[in-house]
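The structure appears right after this line, and notes come after that.
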Amino acid sequence: MLSKKQLFTRGMFDISPHMLSVIPFGIICGAIGVELGFHPYLVYAMSFIIFGGASQIVFLQLLSGGASSLVAVASVGIINSRHLLYGAVLSEYLEKLSFIKKLLISYVVVDQGFAESNKFFKKNRSEEFLHYHLIGTGCTMWVCWQIATLSGIVLGSFVPDELGLKFAIPLTFIAIVVRDLKKLDHVIVMITCGLSSLLFFDAPFKSYIIISPIIALFVAALLLRLKK
Amino acid sequence: MTLTSIIFAGILTYLTRMTMIALISRDMLGDKIKAVLEYVPSAVFPAIIFPGIFINDFGIFIEMNDPKIFGALVAVIVGYFSKNIIATISAGLVSYWFLIFVVFN
């Protein structure tokens, strides 16, 4: 049985490689916000209040492009609605927690943290303080995101544009899903999602980001039925 | 004004994180749904990966000889065999840079 501290540290350790892409991306996000002409305090407030990677950039781009705030807010909600799926998966492991603890831990659920903690949870179901792993991944992500966006805001985009570091984001997620490439059913689900996301890319409010997972999960349900 | 929108966007985002964790109990999800949820990572992340590779900053499809496709392929191969996140990201970036700075320059 691992202690709370050991689980927390393990979570930090498991998510840290992703900082290779998260930190440059955070710097870019902060810098873009200021370049678009928003007050630095507002740009930073987003990292604290929304704490949601790409959705922050989309929000500012929409506003500066003349979209209404309703459209900008709705887009953030739709882009981030994928967290509903993460929550549904995690709820199984977090159900013993008190309501207040569930409310607090929810704030730090992010893509990479979900991916790494979920992987750890599956292998270590019997651990009593499992949620400390999720706190570890989430807090590491939170601290790095705050520092990265702040440095982008203060220092501007000191990461040269030519490096194309936004490309590190798809790469970080490739590193996550590549583990399941040897399972044919997972490959089919991935390809369904990927192709749907390209097909629906122009759907309003960036809704491709939730439409394609839903289509892919339907395909997963069909595959499960075929397997029986 | 913008701050109000940010706060609303933040509340909405928090609700997406909190709803399923705090308001859904395990018994509400049947075994079938749980089996489907096993696929969540594979069903969600490609929606971030594919547009990140195949669609550029202006929302336009890239050419089939774009360095990003090559970089992504290298990342998949290195990731598959190394099972290492840092190796996967670096391999993708380095091969991408090699093409844009050395080959296409």
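Every chain in the structure tokens has a letter given in the order shown (A, B, ...), and although residue numbers restart at 1 in each chain, ligands are simply numbered from 1 in the order shown.
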_So that I can see what lies close to Met1 in chain B, please list as a list in words the residues with an atom at most 12 Å from it, counting only C-alpha atoms and leaving out residues fewer than 4 positions away in the same chain._
Phe38, Leu42, Leu63, Ser68, Ser69 and Leu70 of chain A; Ser5, Ile6, Ile7 and Phe8 of chain B
Would you output that residue set with C-alpha atoms, as an mmCIF file, in the first residue's frame?
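Final file, selection-v7.cif:
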```
data_model
loop_
_atom_site.group_PDB
_atom_site.id
_atom_site.type_symbol
_atom_site.label_atom_id
_atom_site.label_comp_id
_atom_site.auth_asym_id
_atom_site.auth_seq_id
_atom_site.Cartn_x
_atom_site.Cartn_y
_atom_site.Cartn_z
ATOM 1 C CA PHE A 38 -5.917 42.061 -24.170
ATOM 2 C CA LEU A 42 -7.150 39.389 -18.080
ATOM 3 C CA LEU A 63 -13.397 38.031 -28.957
ATOM 4 C CA SER A 68 -20.027 38.186 -29.194
ATOM 5 C CA SER A 69 -19.057 37.142 -25.686
ATOM 6 C CA LEU A 70 -21.894 34.626 -25.758
ATOM 7 C CA SER B 5 -17.129 36.494 -19.857
ATOM 8 C CA ILE B 6 -13.970 34.865 -18.520
ATOM 9 C CA ILE B 7 -15.746 34.105 -15.245
ATOM 10 C CA PHE B 8 -18.705 32.565 -17.085
#
```
*Within 9 Å of Ile21 in chain B using only C-alpha atoms, minus same-chain residues under 6 positions, as a ChimeraX atom specification*: /A:84,86-92,94-95,102-103,105-106
*If you count only C-alpha atoms, which residues fall within 10 Å of Val178 in chain A, apart from same-chain ones fewer than 3 positions away, as a list of chain:residue names?*
A:Phe173, A:Ile174, A:Ala175, A:Leu181, A:Lys182, A:Val187, B:Ser42, B:Ala75, B:Val76, B:Ile77, B:Val78, B:Gly79, B:Tyr80, B:Phe81, B:Lys83, B:Asn84, B:Ile85, B:Thr88
*Could you please tell me, as a ChimeraX atom specification, which residues of chain B have an atom within 6 Å of chain A when using only C-alpha atoms?*
/B:9-10,12-13,16-18,20-22,26,36,42-44,46-47,49-50,52,79-80,85-86,88-89
*In Å to one decimal, how far is CA of Phe129 in chain A from CA of Lys4 in chain A?*
6.0 Å
*Hey, which of A:Val159, A:Cys144, A:Val58, A:Val154 ends up closest to Asp57 in chain B? Count only C-alpha atoms.*
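Among the listed residues, the smallest separation from Asp57 in chain B belongs to A:Val58.
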*Running DSSP on the backbone, which parts of range 104-196 of chain A land in alpha helix (DSSP H), as a count of residues only?*
64
*Compare A:Phe200, A:Lys228, A:Val22, A:Phe13 by their minimum atom-to-atom distance to Pro51 in chain B, counting only C-alpha atoms, and give me the closest one.*
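Checking each candidate against Pro51 in chain B, we get A:Phe200 as the closest.
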*asked:* Report as an MDAnalysis selection string all protein, DNA and RNA residues lying within 7 Å of range 65-74 of chain B, evaluated on only C-alpha atoms, omitting residues in the same chain fewer than 3 positions from it.
replied: (chainID A and resid 171) or (chainID B and resid 53 62 77:78 91:93 95:96 99:100)
_Long-range neighbours of Ile153 in chain A as a list of chain:residue names, 7 Å cut-off, only C-alpha atoms, 3 positions minimum in chain_ = A:Gly30, A:Ala31, A:Val34, A:Pro40, A:Thr149, A:Leu150, A:Gly156
